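Have a look at start.cif; it's mmCIF, C-alpha atoms and all ligand atoms:
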```cif
data_final
loop_
_atom_site.label_atom_id
_atom_site.label_comp_id
_atom_site.auth_asym_id
_atom_site.auth_seq_id
_atom_site.Cartn_x
_atom_site.Cartn_y
_atom_site.Cartn_z
CA MET A 1 7.43 -4.13 17.01
CA ARG A 2 6.29 -2.79 13.64
CA ARG A 3 2.74 -1.54 13.33
CA LYS A 4 0.67 -3.35 10.78
CA LEU A 5 -1.13 -1.62 7.95
CA PHE A 6 -4.17 -2.86 6.08
CA ALA A 7 -4.85 -0.71 3.03
CA GLY A 8 -7.81 -0.95 0.65
CA ASN A 9 -7.07 0.02 -2.94
CA TRP A 10 -10.45 0.72 -4.49
CA LYS A 11 -8.92 1.25 -7.95
CA MET A 12 -11.41 2.82 -10.42
CA ASN A 13 -14.45 1.79 -8.36
CA LEU A 14 -16.96 3.68 -6.21
CA GLY A 15 -18.01 7.26 -6.97
CA PRO A 16 -18.65 9.75 -4.12
CA ASN A 17 -22.05 8.35 -3.06
CA GLU A 18 -20.87 4.76 -3.13
CA ALA A 19 -17.70 5.76 -1.27
CA ARG A 20 -19.79 7.35 1.48
CA ALA A 21 -21.95 4.23 1.73
CA LEU A 22 -19.00 1.83 1.94
CA ILE A 23 -17.25 3.94 4.57
CA ALA A 24 -20.44 4.13 6.64
CA GLU A 25 -20.70 0.33 6.53
CA LEU A 26 -17.03 -0.08 7.33
CA ARG A 27 -17.37 2.22 10.31
CA ARG A 28 -20.35 0.24 11.60
CA GLU A 29 -18.12 -2.84 11.46
CA LEU A 30 -14.90 -1.36 12.81
CA ASP A 31 -15.63 1.69 14.99
CA PRO A 32 -16.69 -0.38 18.02
CA GLN A 33 -13.27 -2.11 17.90
CA ALA A 34 -11.26 0.96 16.92
CA ALA A 35 -9.37 1.35 20.21
CA HIS A 36 -8.53 -2.36 20.28
CA LEU A 37 -7.40 -2.51 16.66
CA SER A 38 -5.43 0.70 16.72
CA ARG A 39 -3.09 -0.73 19.35
CA ASP A 40 -1.04 -2.49 16.72
CA ARG A 41 -2.38 -1.56 13.30
CA ASP A 42 -3.51 1.16 10.96
CA ILE A 43 -6.36 0.91 8.48
CA LEU A 44 -6.48 2.90 5.26
CA VAL A 45 -8.81 3.28 2.29
CA ALA A 46 -7.67 4.67 -1.06
CA PRO A 47 -10.66 5.77 -3.17
CA PRO A 48 -10.44 7.22 -6.69
CA PHE A 49 -9.48 10.93 -6.67
CA ILE A 50 -13.04 12.13 -7.35
CA SER A 51 -14.33 10.33 -4.25
CA ILE A 52 -11.68 11.64 -1.88
CA PRO A 53 -13.67 14.69 -0.64
CA ALA A 54 -16.74 12.53 0.10
CA ALA A 55 -14.56 9.89 1.73
CA ALA A 56 -12.86 12.53 3.88
CA GLN A 57 -16.26 13.72 5.13
CA ALA A 58 -17.46 10.19 5.80
CA LEU A 59 -14.27 9.43 7.75
CA ALA A 60 -14.56 12.45 10.07
CA GLY A 61 -13.88 11.33 13.65
CA SER A 62 -12.68 7.90 12.53
CA SER A 63 -9.20 6.43 12.94
CA ILE A 64 -9.33 5.01 9.41
CA LEU A 65 -6.73 6.76 7.27
CA LEU A 66 -7.30 8.19 3.82
CA GLY A 67 -5.05 7.36 0.89
CA ALA A 68 -4.77 8.20 -2.80
CA GLN A 69 -3.85 5.93 -5.69
CA ASN A 70 -1.27 8.17 -7.34
CA ALA A 71 0.15 11.70 -7.24
CA HIS A 72 2.36 13.88 -9.37
CA PHE A 73 5.86 14.85 -8.27
CA GLU A 74 5.39 18.58 -8.84
CA ASP A 75 2.95 20.63 -6.83
CA GLN A 76 1.37 22.62 -9.67
CA GLY A 77 1.73 23.28 -13.36
CA ALA A 78 0.97 22.03 -16.85
CA PHE A 79 0.43 18.35 -16.08
CA THR A 80 -2.97 17.52 -17.58
CA GLY A 81 -4.76 14.74 -15.78
CA GLU A 82 -2.48 14.73 -12.75
CA ILE A 83 -3.08 15.58 -9.08
CA ALA A 84 -0.60 17.38 -6.83
CA PRO A 85 0.43 16.09 -3.41
CA THR A 86 -0.72 19.32 -1.73
CA MET A 87 -4.19 18.98 -3.29
CA LEU A 88 -4.50 15.55 -1.71
CA LYS A 89 -3.20 16.77 1.63
CA ALA A 90 -5.90 19.45 1.68
CA PHE A 91 -8.47 16.65 2.03
CA GLY A 92 -6.61 14.82 4.75
CA VAL A 93 -4.85 12.26 2.57
CA SER A 94 -1.88 10.82 4.46
CA HIS A 95 -0.65 8.03 2.16
CA VAL A 96 -0.22 7.69 -1.59
CA ILE A 97 0.05 4.36 -3.45
CA LEU A 98 2.76 4.67 -6.11
CA GLY A 99 4.07 2.32 -8.76
CA HIS A 100 1.08 -0.01 -8.62
CA SER A 101 1.47 -2.71 -11.28
CA GLU A 102 -1.52 -1.28 -13.16
CA ARG A 103 0.33 2.07 -13.37
CA ARG A 104 3.48 0.28 -14.53
CA HIS A 105 1.96 -2.18 -16.98
CA ILE A 106 -1.22 -0.49 -18.31
CA PHE A 107 -0.03 3.12 -18.22
CA GLY A 108 3.65 2.53 -18.87
CA GLU A 109 5.01 4.26 -15.76
CA SER A 110 8.76 3.70 -15.57
CA ASP A 111 10.93 3.07 -12.52
CA GLU A 112 12.34 6.56 -13.05
CA LEU A 113 8.93 8.27 -13.07
CA ILE A 114 7.80 6.30 -10.03
CA GLY A 115 10.98 7.30 -8.19
CA LYS A 116 10.20 10.94 -8.91
CA ARG A 117 6.63 10.53 -7.68
CA VAL A 118 7.85 8.87 -4.46
CA ALA A 119 10.30 11.70 -3.80
CA GLY A 120 7.67 14.36 -4.65
CA VAL A 121 5.10 12.92 -2.30
CA ILE A 122 7.57 12.54 0.56
CA ALA A 123 8.81 16.11 0.02
CA LYS A 124 5.25 17.21 0.89
CA ARG A 125 5.29 15.13 4.08
CA LEU A 126 2.99 12.41 2.77
CA ASN A 127 3.68 8.69 3.18
CA ALA A 128 4.51 6.72 0.05
CA ILE A 129 3.33 3.14 -0.45
CA LEU A 130 5.75 1.96 -3.13
CA CYS A 131 4.51 -1.14 -4.97
CA VAL A 132 6.88 -3.64 -6.52
CA GLY A 133 6.23 -7.00 -8.12
CA GLU A 134 7.24 -9.40 -10.86
CA THR A 135 5.18 -10.74 -13.77
CA LEU A 136 4.55 -14.47 -14.15
CA ASN A 137 7.08 -14.61 -16.94
CA GLU A 138 9.71 -12.96 -14.74
CA ARG A 139 8.99 -15.41 -11.92
CA ASP A 140 9.14 -18.40 -14.27
CA ARG A 141 12.55 -17.40 -15.53
CA GLY A 142 13.88 -16.91 -11.99
CA ALA A 143 14.08 -13.11 -12.18
CA THR A 144 11.76 -12.27 -9.26
CA LEU A 145 14.33 -10.85 -6.87
CA GLU A 146 16.24 -9.03 -9.60
CA VAL A 147 13.00 -7.29 -10.72
CA VAL A 148 11.62 -6.33 -7.33
CA LEU A 149 14.99 -5.13 -6.03
CA ARG A 150 15.49 -3.00 -9.14
CA GLN A 151 12.00 -1.50 -8.68
CA LEU A 152 12.71 -0.89 -4.98
CA GLN A 153 16.10 0.73 -5.51
CA ASN A 154 14.89 2.97 -8.35
CA GLY A 155 11.70 3.82 -6.47
CA LEU A 156 13.66 4.95 -3.42
CA SER A 157 16.75 6.39 -5.11
CA ALA A 158 15.89 9.98 -4.17
CA VAL A 159 14.60 9.25 -0.65
CA LYS A 160 16.93 10.49 2.08
CA PRO A 161 17.67 8.32 5.14
CA GLU A 162 15.85 10.76 7.43
CA ASP A 163 12.65 10.18 5.43
CA SER A 164 12.57 6.40 5.88
CA LYS A 165 9.60 6.78 8.26
CA ARG A 166 7.52 7.94 5.29
CA VAL A 167 8.19 4.79 3.29
CA ILE A 168 5.99 1.70 3.09
CA VAL A 169 6.66 -1.02 0.53
CA ALA A 170 4.02 -3.33 -0.93
CA TYR A 171 5.11 -6.53 -2.63
CA GLU A 172 2.45 -7.37 -5.18
CA PRO A 173 3.27 -10.15 -7.62
CA VAL A 174 1.53 -9.14 -10.85
CA TRP A 175 0.30 -12.70 -11.40
CA ALA A 176 -1.55 -12.57 -8.07
CA ILE A 177 -3.37 -9.25 -8.52
CA GLY A 178 -7.07 -9.72 -9.19
CA THR A 179 -6.51 -13.32 -10.28
CA GLY A 180 -7.57 -15.22 -7.18
CA ARG A 181 -4.08 -16.74 -7.15
CA THR A 182 -2.13 -15.73 -4.03
CA ALA A 183 1.58 -16.13 -3.40
CA THR A 184 2.15 -18.70 -0.68
CA PRO A 185 3.24 -17.20 2.64
CA GLU A 186 6.67 -18.76 1.99
CA GLN A 187 6.98 -17.20 -1.48
CA ALA A 188 5.94 -13.81 -0.11
CA GLN A 189 8.25 -14.04 2.91
CA GLU A 190 11.23 -14.89 0.69
CA VAL A 191 10.69 -11.70 -1.31
CA HIS A 192 9.94 -9.59 1.77
CA ALA A 193 13.18 -10.74 3.42
CA ALA A 194 15.13 -9.70 0.32
CA LEU A 195 13.35 -6.34 0.27
CA ARG A 196 14.20 -5.85 3.96
CA GLU A 197 17.89 -6.58 3.29
CA SER A 198 17.95 -4.07 0.47
CA LEU A 199 16.23 -1.47 2.66
CA ARG A 200 18.94 -2.05 5.29
CA ASP A 201 21.59 -1.27 2.67
CA HIS A 202 19.74 1.91 1.72
CA PHE A 203 18.62 3.26 5.10
CA GLY A 204 20.60 1.33 7.71
CA ARG A 205 19.42 -1.60 9.81
CA GLN A 206 17.21 0.07 12.39
CA PRO A 207 15.29 2.43 10.07
CA ALA A 208 14.81 -0.43 7.59
CA ASP A 209 13.50 -2.71 10.32
CA GLU A 210 10.77 -0.16 11.07
CA ILE A 211 9.44 0.03 7.49
CA PRO A 212 6.14 -1.85 7.03
CA LEU A 213 6.25 -4.35 4.17
CA LEU A 214 2.78 -5.19 2.88
CA TYR A 215 1.78 -8.13 0.74
CA GLY A 216 -0.81 -7.63 -2.00
CA GLY A 217 -2.41 -9.98 -4.49
CA SER A 218 -5.78 -11.67 -4.00
CA VAL A 219 -5.71 -11.24 -0.21
CA THR A 220 -8.92 -12.54 1.41
CA PRO A 221 -10.17 -13.13 4.96
CA GLU A 222 -9.24 -16.78 4.42
CA ASN A 223 -5.57 -16.35 3.46
CA VAL A 224 -4.53 -13.18 5.32
CA GLU A 225 -3.71 -14.80 8.69
CA ALA A 226 -1.08 -17.14 7.26
CA LEU A 227 0.51 -14.30 5.31
CA ILE A 228 0.82 -11.87 8.21
CA ALA A 229 2.14 -14.62 10.47
CA LYS A 230 5.41 -14.40 8.53
CA PRO A 231 8.10 -12.26 10.17
CA ASP A 232 8.50 -9.70 7.36
CA ILE A 233 4.85 -9.40 6.30
CA ASP A 234 3.39 -6.42 8.13
CA GLY A 235 -0.06 -6.15 6.60
CA ALA A 236 -1.81 -6.17 3.26
CA LEU A 237 -2.68 -4.05 0.28
CA VAL A 238 -6.11 -5.27 -0.72
CA GLY A 239 -7.94 -4.69 -3.99
CA GLY A 240 -11.13 -6.67 -4.68
CA ALA A 241 -11.80 -7.71 -1.09
CA SER A 242 -11.64 -4.07 0.08
CA LEU A 243 -14.79 -3.21 -1.87
CA LYS A 244 -17.07 -5.02 0.57
CA ALA A 245 -17.19 -3.86 4.19
CA ALA A 246 -17.53 -7.36 5.63
CA SER A 247 -14.52 -8.83 3.82
CA PHE A 248 -12.27 -5.81 4.37
CA ALA A 249 -13.22 -5.67 8.06
CA ALA A 250 -12.44 -9.38 8.42
CA ILE A 251 -9.02 -8.83 6.81
CA VAL A 252 -8.31 -5.84 9.02
CA ARG A 253 -9.07 -7.92 12.13
CA ALA A 254 -6.63 -10.67 11.14
CA GLY A 255 -4.74 -11.99 14.14
CA ARG A 256 -6.72 -9.69 16.45
CA PRO A 257 -10.32 -10.85 16.08
CA THR A 258 -11.79 -10.05 19.51
CA GLU A 259 -10.99 -7.90 22.53
C1 LIG A 301 -4.25 -4.39 -5.63
O1 LIG A 301 -4.93 -3.78 -6.42
O2 LIG A 301 -3.31 -3.79 -5.10
C2 LIG A 301 -4.57 -5.78 -5.34
C3 LIG A 301 -3.75 -6.47 -4.59
O3 LIG A 301 -5.73 -6.31 -5.86
P1 LIG A 301 -6.45 -7.70 -5.46
O4 LIG A 301 -6.48 -7.77 -3.97
O5 LIG A 301 -7.81 -7.61 -6.06
O6 LIG A 301 -5.62 -8.80 -6.04
#
```
Would you mind writing the file out in structure tokens?
Amino acid sequence: MRRKLFAGNWKMNLGPNEARALIAELRRELDPQAAHLSRDRDILVAPPFISIPAAAQALAGSSILLGAQNAHFEDQGAFTGEIAPTMLKAFGVSHVILGHSERRHIFGESDELIGKRVAGVIAKRLNAILCVGETLNERDRGATLEVVLRQLQNGLSAVKPEDSKRVIVAYEPVWAIGTGRTATPEQAQEVHAALRESLRDHFGRQPADEIPLLYGGSVTPENVEALIAKPDIDGALVGGASLKAASFAAIVRAGRPTE
């Protein structure tokens, strides 16, 4: 059985003090249930770079994992404004979100660049959360699977089969991110099943069947249960609802509310 992953993408929110405060609140909510929850799931928060040191301190002794929202593919050099994988690792970061739709559509990151970032992060023994997702226009013209499979294949083109354990994929329809409009569990499952098939072609059946596929896009405590009940939906990448301890904790507990 695949472990689930619930990851909070804080985006450009919460400086160091606010990060500490949110993590303290989250720990008050989740620490008492940590042993119970960690049986089948991992929990991760991805603060902005500047808040990572404070978050790392606040997470000391916790089973909550620390993520970053991007990373460069090289480990040092003349890359103004970028952060190296090793710099993130030094603070205990274990996962890096790559190819988020805001990176693709606001900052113009290409499939090729994202593929290089994925390979660079994995080369430093970090886990890559590769995001894929279609725009509303692409969905309306029936191009959803073509788009997400192209993003998946390009994103993973340089990942070797032996590194499949470092890959997580997040399907995030662009029209569902921050809009309050969620894909139905059936829409999400259809895409996840196609992603799984493509991962089987790339890595082989068994390694592909172990890769967690997250859904992201306006996930809330109210809609998460139905999403993760689908066979290929292994957790969630959560934006807005991860900024409040109560809502993120409720999402994290989905399907496993009490001991
Ligand atoms: C995201 O940023 O990855 C995301 C899914 O955001 P939201 O949950 O706010 O739609």
| message | Please find the residues contacting ligand LIG 301 (chain A) at a distance of at most 6 Å between atoms, with only C-alpha atoms and all ligand atoms counted, and report them as a ChimeraX atom specification. | response | /A:9,176-178,216-219,237-240
Where does range 216-237 of chain A meet range 196-200 of chain A within 12 Å, residue by residue, with the nearest atom pair and distance in Å to one decimal for each, counting only C-alpha atoms, listed by chain and rising number, as CSV?
```
residue,atom,partner,partner_atom,distance
A:Pro231,CA,A:Arg196,CA,10.8
A:Asp232,CA,A:Arg196,CA,7.7
A:Ile233,CA,A:Arg196,CA,10.3
A:Asp234,CA,A:Arg196,CA,11.6
```
| request: Rounded to one decimal place, report the CA of Lys160 in chain A-CA of Gln76 in chain A distance in Å. | output: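 Computing it gives 23.0 Å between the two atoms.
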| message | Given only C-alpha atoms as the basis, pick out the residue of A:Val121, A:Leu22, A:Val174, A:Leu66 nearest to Ala46 in chain A. | response |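 Ranked by minimum distance to Ala46 in chain A, first place goes to A:Leu66.
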| said: Every residue with an atom at most 10 Å from (3.5, -1.6, -12.0) (file coordinates; all atoms listed in the file) is what I'm after, so could you write them as a ChimeraX atom specification? | reply: /A:98-111,114,130-135,151,172-174
| request: Could you check which of A:Lys230, A:Arg117, A:Asn137, A:Pro221 is closest to Ala245 in chain A, using all atoms listed in the file? | output: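 Nearest candidate to Ala245 in chain A out of A:Lys230, A:Arg117, A:Asn137, A:Pro221: A:Pro221.
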| task | Counting all atoms listed in the file, write as a ChimeraX atom specification all protein and nucleic acid residues lying at most 8 Å from (-4.5, 3.6, -5.7) in the file's frame. | result | /A:9-11,46-48,67-70,96-98,100
| field | Between CA of Phe203 in chain A and CA of Lys165 in chain A - distance in Å to one decimal | value |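 We find that CA of Lys165 in chain A and CA of Phe203 in chain A lie 10.2 Å from each other.
Proximity to Ala236 in chain A at 10 Å, evaluated using all atoms listed in the file and with sequence-adjacent residues fewer than 4 positions away removed, yields Lys4, Leu5, Phe6, Ala7, Gly8, Ile43, Ala170, Tyr171, Glu172, Pro212, Leu213, Leu214, Tyr215, Gly216, Gly217, Ser218, Val219, Thr220, Val224, Leu227, Ile228, Ile251 and Val252 of chain A.
For the set A:Asn127, A:Ser242, A:Gln206, A:Gln187, the residue with the smallest atom-to-atom gap to Pro161 in chain A is A:Gln206, counting all atoms listed in the file.
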| request: Calculate how many Å separate CA of Asp201 in chain A from CA of Ser164 in chain A, rounding to one decimal. | output: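 We find that CA of Asp201 in chain A and CA of Ser164 in chain A lie 12.3 Å from each other.
Distance check against Phe49 in chain A using only C-alpha atoms: of A:Arg205, A:Lys89, A:His192, A:Lys124, the minimum falls on A:Lys89.
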| request: Fewer than 2 positions away in the same chain doesn't count, so skip those; otherwise give me all residues within 9 Å of Val191 in chain A, counting only C-alpha atoms, as a count of residues only. | output: 12
